[in-house]
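Below: structure05.cif (mmCIF, C-alpha atoms)
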```
data_final
loop_
_atom_site.group_PDB
_atom_site.id
_atom_site.type_symbol
_atom_site.label_atom_id
_atom_site.label_comp_id
_atom_site.auth_asym_id
_atom_site.auth_seq_id
_atom_site.Cartn_x
_atom_site.Cartn_y
_atom_site.Cartn_z
ATOM 1 C CA MET A 205 7.620 -4.028 -12.992
ATOM 2 C CA LEU A 206 4.028 -3.608 -11.824
ATOM 3 C CA ILE A 207 3.382 -2.119 -8.420
ATOM 4 C CA GLN A 208 -0.196 -2.045 -7.223
ATOM 5 C CA LEU A 209 -1.678 -0.385 -4.192
ATOM 6 C CA ILE A 210 -4.896 -2.027 -3.045
ATOM 7 C CA CYS A 211 -6.772 -0.034 -0.447
ATOM 8 C CA VAL A 212 -10.140 0.066 1.233
ATOM 9 C CA GLY A 213 -12.493 2.955 0.587
ATOM 10 C CA LYS A 214 -12.790 5.748 -1.907
ATOM 11 C CA LEU A 215 -10.307 8.585 -1.617
ATOM 12 C CA LYS A 216 -12.299 11.771 -1.123
ATOM 13 C CA GLU A 217 -9.833 14.500 -0.197
ATOM 14 C CA LYS A 218 -8.688 16.418 -3.259
ATOM 15 C CA TYR A 219 -5.220 17.206 -1.878
ATOM 16 C CA LEU A 220 -4.535 13.487 -1.403
ATOM 17 C CA THR A 221 -5.874 12.614 -4.843
ATOM 18 C CA LEU A 222 -3.684 15.282 -6.440
ATOM 19 C CA GLY A 223 -0.601 14.168 -4.509
ATOM 20 C CA ILE A 224 -1.046 10.520 -5.452
ATOM 21 C CA ALA A 225 -1.657 11.460 -9.085
ATOM 22 C CA GLU A 226 1.570 13.495 -9.099
ATOM 23 C CA TYR A 227 3.691 10.617 -7.787
ATOM 24 C CA ALA A 228 1.935 8.118 -10.077
ATOM 25 C CA LYS A 229 2.837 10.372 -13.016
ATOM 26 C CA ARG A 230 6.456 10.579 -11.827
ATOM 27 C CA LEU A 231 6.595 6.765 -11.649
ATOM 28 C CA THR A 232 5.410 6.338 -15.262
ATOM 29 C CA PRO A 233 8.894 6.309 -16.879
ATOM 30 C CA TYR A 234 10.113 3.631 -14.457
ATOM 31 C CA LEU A 235 7.310 1.154 -13.811
ATOM 32 C CA LYS A 236 3.599 0.539 -14.075
ATOM 33 C CA PHE A 237 1.668 1.748 -11.026
ATOM 34 C CA GLN A 238 -1.986 1.098 -10.257
ATOM 35 C CA MET A 239 -4.140 2.073 -7.302
ATOM 36 C CA ILE A 240 -7.148 -0.166 -6.768
ATOM 37 C CA GLU A 241 -9.857 0.896 -4.348
ATOM 38 C CA VAL A 242 -12.246 -1.679 -2.924
ATOM 39 C CA ALA A 243 -15.480 -0.723 -1.206
ATOM 40 C CA ASP A 244 -15.437 -0.265 2.525
ATOM 41 C CA GLU A 245 -18.132 -1.715 4.742
ATOM 42 C CA LYS A 246 -20.658 0.794 5.930
ATOM 43 C CA ALA A 247 -20.936 0.333 9.679
ATOM 44 C CA PRO A 248 -21.656 2.431 12.767
ATOM 45 C CA ASP A 249 -18.787 3.653 14.919
ATOM 46 C CA ASN A 250 -19.691 1.578 17.968
ATOM 47 C CA LEU A 251 -19.149 -1.972 16.721
ATOM 48 C CA SER A 252 -18.647 -4.994 18.921
ATOM 49 C CA ASP A 253 -15.435 -6.992 18.511
ATOM 50 C CA ALA A 254 -17.345 -9.631 16.530
ATOM 51 C CA GLU A 255 -18.782 -6.977 14.213
ATOM 52 C CA VAL A 256 -15.321 -5.491 13.635
ATOM 53 C CA ILE A 257 -14.083 -8.933 12.599
ATOM 54 C CA GLN A 258 -16.993 -9.294 10.161
ATOM 55 C CA VAL A 259 -16.238 -5.879 8.625
ATOM 56 C CA LYS A 260 -12.581 -6.855 8.168
ATOM 57 C CA VAL A 261 -13.561 -10.231 6.674
ATOM 58 C CA ARG A 262 -15.860 -8.645 4.082
ATOM 59 C CA GLU A 263 -13.302 -5.974 3.161
ATOM 60 C CA GLY A 264 -10.615 -8.665 3.084
ATOM 61 C CA GLU A 265 -12.603 -10.736 0.586
ATOM 62 C CA ARG A 266 -12.747 -7.722 -1.713
ATOM 63 C CA ILE A 267 -9.008 -7.166 -1.342
ATOM 64 C CA LEU A 268 -8.110 -10.802 -1.996
ATOM 65 C CA ALA A 269 -10.294 -10.852 -5.115
ATOM 66 C CA GLN A 270 -7.979 -8.200 -6.602
ATOM 67 C CA ILE A 271 -4.690 -10.003 -5.922
ATOM 68 C CA LYS A 272 -3.268 -12.234 -8.641
ATOM 69 C CA SER A 273 -1.684 -15.512 -7.567
ATOM 70 C CA GLU A 274 1.827 -14.551 -8.727
ATOM 71 C CA ALA A 275 1.873 -11.247 -6.826
ATOM 72 C CA HIS A 276 4.185 -10.614 -3.894
ATOM 73 C CA VAL A 277 2.023 -8.993 -1.221
ATOM 74 C CA ILE A 278 3.240 -6.510 1.370
ATOM 75 C CA ALA A 279 0.615 -5.576 3.957
ATOM 76 C CA LEU A 280 0.865 -2.311 5.828
ATOM 77 C CA ALA A 281 0.403 -3.151 9.476
ATOM 78 C CA ILE A 282 1.331 -1.423 12.702
ATOM 79 C CA ASP A 283 3.139 -4.602 13.829
ATOM 80 C CA GLY A 284 5.070 -4.873 10.572
ATOM 81 C CA LYS A 285 8.782 -4.379 10.007
ATOM 82 C CA LEU A 286 10.089 -0.825 10.076
ATOM 83 C CA TRP A 287 11.961 -0.154 6.841
ATOM 84 C CA SER A 288 14.089 2.823 5.933
ATOM 85 C CA SER A 289 13.655 4.309 2.472
ATOM 86 C CA GLU A 290 16.884 2.575 1.437
ATOM 87 C CA GLU A 291 15.636 -0.778 2.743
ATOM 88 C CA LEU A 292 12.378 -0.397 0.817
ATOM 89 C CA ALA A 293 14.383 0.441 -2.298
ATOM 90 C CA ALA A 294 16.568 -2.631 -1.809
ATOM 91 C CA GLU A 295 13.515 -4.860 -1.317
ATOM 92 C CA ILE A 296 11.800 -3.563 -4.456
ATOM 93 C CA ASP A 297 15.046 -4.087 -6.369
ATOM 94 C CA ARG A 298 15.454 -7.603 -4.955
ATOM 95 C CA LEU A 299 11.880 -8.556 -5.803
ATOM 96 C CA GLY A 300 12.170 -7.208 -9.333
ATOM 97 C CA THR A 301 15.459 -8.986 -9.923
ATOM 98 C CA TYR A 302 14.962 -12.307 -8.170
ATOM 99 C CA GLY A 303 11.374 -12.579 -7.030
ATOM 100 C CA THR A 304 8.491 -11.175 -8.937
ATOM 101 C CA SER A 305 7.823 -8.243 -11.169
ATOM 102 C CA HIS A 306 4.388 -7.835 -9.569
ATOM 103 C CA VAL A 307 4.304 -6.302 -6.087
ATOM 104 C CA VAL A 308 1.096 -5.452 -4.253
ATOM 105 C CA PHE A 309 0.958 -3.170 -1.221
ATOM 106 C CA VAL A 310 -2.250 -3.448 0.815
ATOM 107 C CA ILE A 311 -3.710 -0.768 3.075
ATOM 108 C CA GLY A 312 -6.773 -1.748 5.068
ATOM 109 C CA GLY A 313 -9.686 0.331 6.195
ATOM 110 C CA SER A 314 -10.192 2.012 9.528
ATOM 111 C CA HIS A 315 -10.364 -1.346 11.333
ATOM 112 C CA GLY A 316 -7.276 -2.811 9.672
ATOM 113 C CA LEU A 317 -6.820 -5.963 7.606
ATOM 114 C CA SER A 318 -8.455 -9.354 7.963
ATOM 115 C CA ASP A 319 -6.529 -12.422 9.092
ATOM 116 C CA ASP A 320 -6.926 -13.889 5.591
ATOM 117 C CA VAL A 321 -5.252 -10.870 3.990
ATOM 118 C CA MET A 322 -2.460 -10.990 6.568
ATOM 119 C CA ARG A 323 -1.897 -14.693 5.806
ATOM 120 C CA ARG A 324 -1.753 -13.950 2.052
ATOM 121 C CA ALA A 325 0.927 -11.297 2.578
ATOM 122 C CA GLN A 326 4.521 -12.441 2.324
ATOM 123 C CA GLN A 327 5.667 -9.408 4.273
ATOM 124 C CA ARG A 328 4.345 -6.798 6.680
ATOM 125 C CA MET A 329 5.628 -3.258 6.642
ATOM 126 C CA SER A 330 5.049 -0.499 9.173
ATOM 127 C CA PHE A 331 5.577 3.234 8.973
ATOM 128 C CA GLY A 332 5.807 3.403 12.748
ATOM 129 C CA ARG A 333 3.704 2.959 15.826
ATOM 130 C CA MET A 334 1.708 6.138 15.303
ATOM 131 C CA THR A 335 -1.812 5.777 14.013
ATOM 132 C CA LEU A 336 -2.209 7.648 10.750
ATOM 133 C CA PRO A 337 -5.304 7.991 8.567
ATOM 134 C CA HIS A 338 -5.343 5.115 6.099
ATOM 135 C CA GLN A 339 -6.097 7.545 3.277
ATOM 136 C CA LEU A 340 -3.012 9.625 4.093
ATOM 137 C CA MET A 341 -0.939 6.438 4.070
ATOM 138 C CA ARG A 342 -1.715 6.023 0.376
ATOM 139 C CA LEU A 343 0.108 9.247 -0.423
ATOM 140 C CA VAL A 344 3.000 8.460 1.922
ATOM 141 C CA LEU A 345 3.426 4.989 0.411
ATOM 142 C CA VAL A 346 3.341 6.178 -3.211
ATOM 143 C CA GLU A 347 5.926 8.842 -2.384
ATOM 144 C CA GLN A 348 8.145 6.194 -0.783
ATOM 145 C CA VAL A 349 7.833 3.918 -3.834
ATOM 146 C CA TYR A 350 8.894 6.843 -6.014
ATOM 147 C CA ARG A 351 11.792 7.575 -3.664
ATOM 148 C CA ALA A 352 12.797 3.885 -3.797
ATOM 149 C CA VAL A 353 12.879 3.966 -7.592
ATOM 150 C CA LYS A 354 15.064 7.065 -7.571
ATOM 151 C CA ILE A 355 17.402 5.478 -4.995
ATOM 152 C CA ASN A 356 17.701 2.307 -7.073
ATOM 153 C CA ARG A 357 18.518 4.292 -10.194
ATOM 154 C CA GLY A 358 21.061 6.436 -8.392
ATOM 155 C CA GLU A 359 19.164 9.529 -9.443
ATOM 156 C CA PRO A 360 18.707 12.625 -7.286
ATOM 157 C CA TYR A 361 15.293 13.160 -5.800
ATOM 158 C CA HIS A 362 14.295 16.782 -5.827
ATOM 159 C CA LYS A 363 11.770 17.551 -3.137
#
```

What would you get if you wrote out this structure as structure tokens?
Amino acid sequence: MLIQLICVGKLKEKYLTLGIAEYAKRLTPYLKFQMIEVADEKAPDNLSDAEVIQVKVREGERILAQIKSEAHVIALAIDGKLWSSEELAAEIDRLGTYGTSHVVFVIGGSHGLSDDVMRRAQQRMSFGRMTLPHQLMRLVLVEQVYRAVKINRGEPYHK
């Protein structure tokens, strides 16, 4: 199985980079994991609504260019479905068994995801109603994918 994480912007914080690298290494015996970063749009903080849409459209085009046609796409969105770790594990297992062996999780930039990316996604997933930094979400998501793999294999997960 191939699980990709496509996200907007370059990860700069060393502690996040190290954490993601650790979980990616732990995933190696079980599946292929890739993190793909697409460039974010450079824009001032005080954008109009129309400018925000344009930023999301341009970032969305970069995201969509990275997604293969056969991939099952799960967009992280605040209005997405809340999944427990066990539900995520079951969904990854179901997709691998009956759906596709290529799953793509998408995390947008600071303004979120474009309508085109949301339409491409077969599912939307949320980690709750709190706003969290999109760069931190990368680490949280990779940890949850690792946890899902361990759940599916019936193996203990040592924290």

Residues returned when the PyMOL selection byres ((chain A and resi 306) around 7) runs on this file, as a list in words: Met205, Leu206, Ile207, Ala275, His276, Thr304, Ser305, Val307 and Val308 of chain A

On this structure, the PyMOL selection byres ((chain A and resi 329-336) around 6) would catch which residues? List them as an mmCIF file with C-alpha atoms, in the frame of the given file, sorted by chain and number.
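In the end it all went to selection.cif:
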```cif
data_model
loop_
_atom_site.group_PDB
_atom_site.id
_atom_site.type_symbol
_atom_site.label_atom_id
_atom_site.label_comp_id
_atom_site.auth_asym_id
_atom_site.auth_seq_id
_atom_site.Cartn_x
_atom_site.Cartn_y
_atom_site.Cartn_z
ATOM 1 C CA LEU A 280 0.865 -2.311 5.828
ATOM 2 C CA ALA A 281 0.403 -3.151 9.476
ATOM 3 C CA ILE A 282 1.331 -1.423 12.702
ATOM 4 C CA GLY A 284 5.070 -4.873 10.572
ATOM 5 C CA LYS A 285 8.782 -4.379 10.007
ATOM 6 C CA LEU A 286 10.089 -0.825 10.076
ATOM 7 C CA ARG A 328 4.345 -6.798 6.680
ATOM 8 C CA PRO A 337 -5.304 7.991 8.567
#
```

d(atom CA of Tyr361 of chain A, atom CA of Leu231 of chain A) in Å: 12.3 Å

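What the PyMOL selection byres ((chain A and resi 267) around 10) picks from this file is Ile210, Cys211, Val212, Ile240, Glu241, Val242, Ala243, Val261, Arg262, Glu263, Gly264, Glu265, Arg266, Leu268, Ala269, Gln270, Ile271, Val310, Ile311, Gly312, Leu317, Ser318, Asp320 and Val321 of chain A.
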
Given all atoms listed in the file as the counted atoms, nearest of A:Arg323, A:Arg342, A:Arg351, A:Arg357 to Leu220 of chain A: A:Arg342

Interatomic distance (Å, one decimal) between atom CA of Thr301 of chain A and atom CA of Leu340 of chain A: 29.7 Å

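All polymer residues at most 10 Å from (9.0, 7.0, -3.9), using only C-alpha atoms, appear as Tyr227, Ala228, Arg230, Leu231, Ser289, Leu292, Ala293, Leu343, Val344, Leu345, Val346, Glu347, Gln348, Val349, Tyr350, Arg351, Ala352, Val353, Lys354, Ile355 and Tyr361 of chain A.
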
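Across the model, the gap from atom CA of Asp244 of chain A to atom CA of Gly316 of chain A is 11.1 Å.
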
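Using all atoms listed in the file for every distance, the candidate list A:Asp319, A:Asp253, A:Ala279, A:Gln326 yields A:Gln326 as the residue closest to Leu299 of chain A.
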
Minimum-distance residue to Lys246 of chain A, chosen among A:Ser314, A:Gln339, A:Gln327, A:Thr232 (using only C-alpha atoms): A:Ser314

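Proximity to Glu295 of chain A was assessed for A:Asn356, A:Val256, A:Glu245, A:Phe237 counting all atoms listed in the file; the smallest distance is recorded for A:Asn356.
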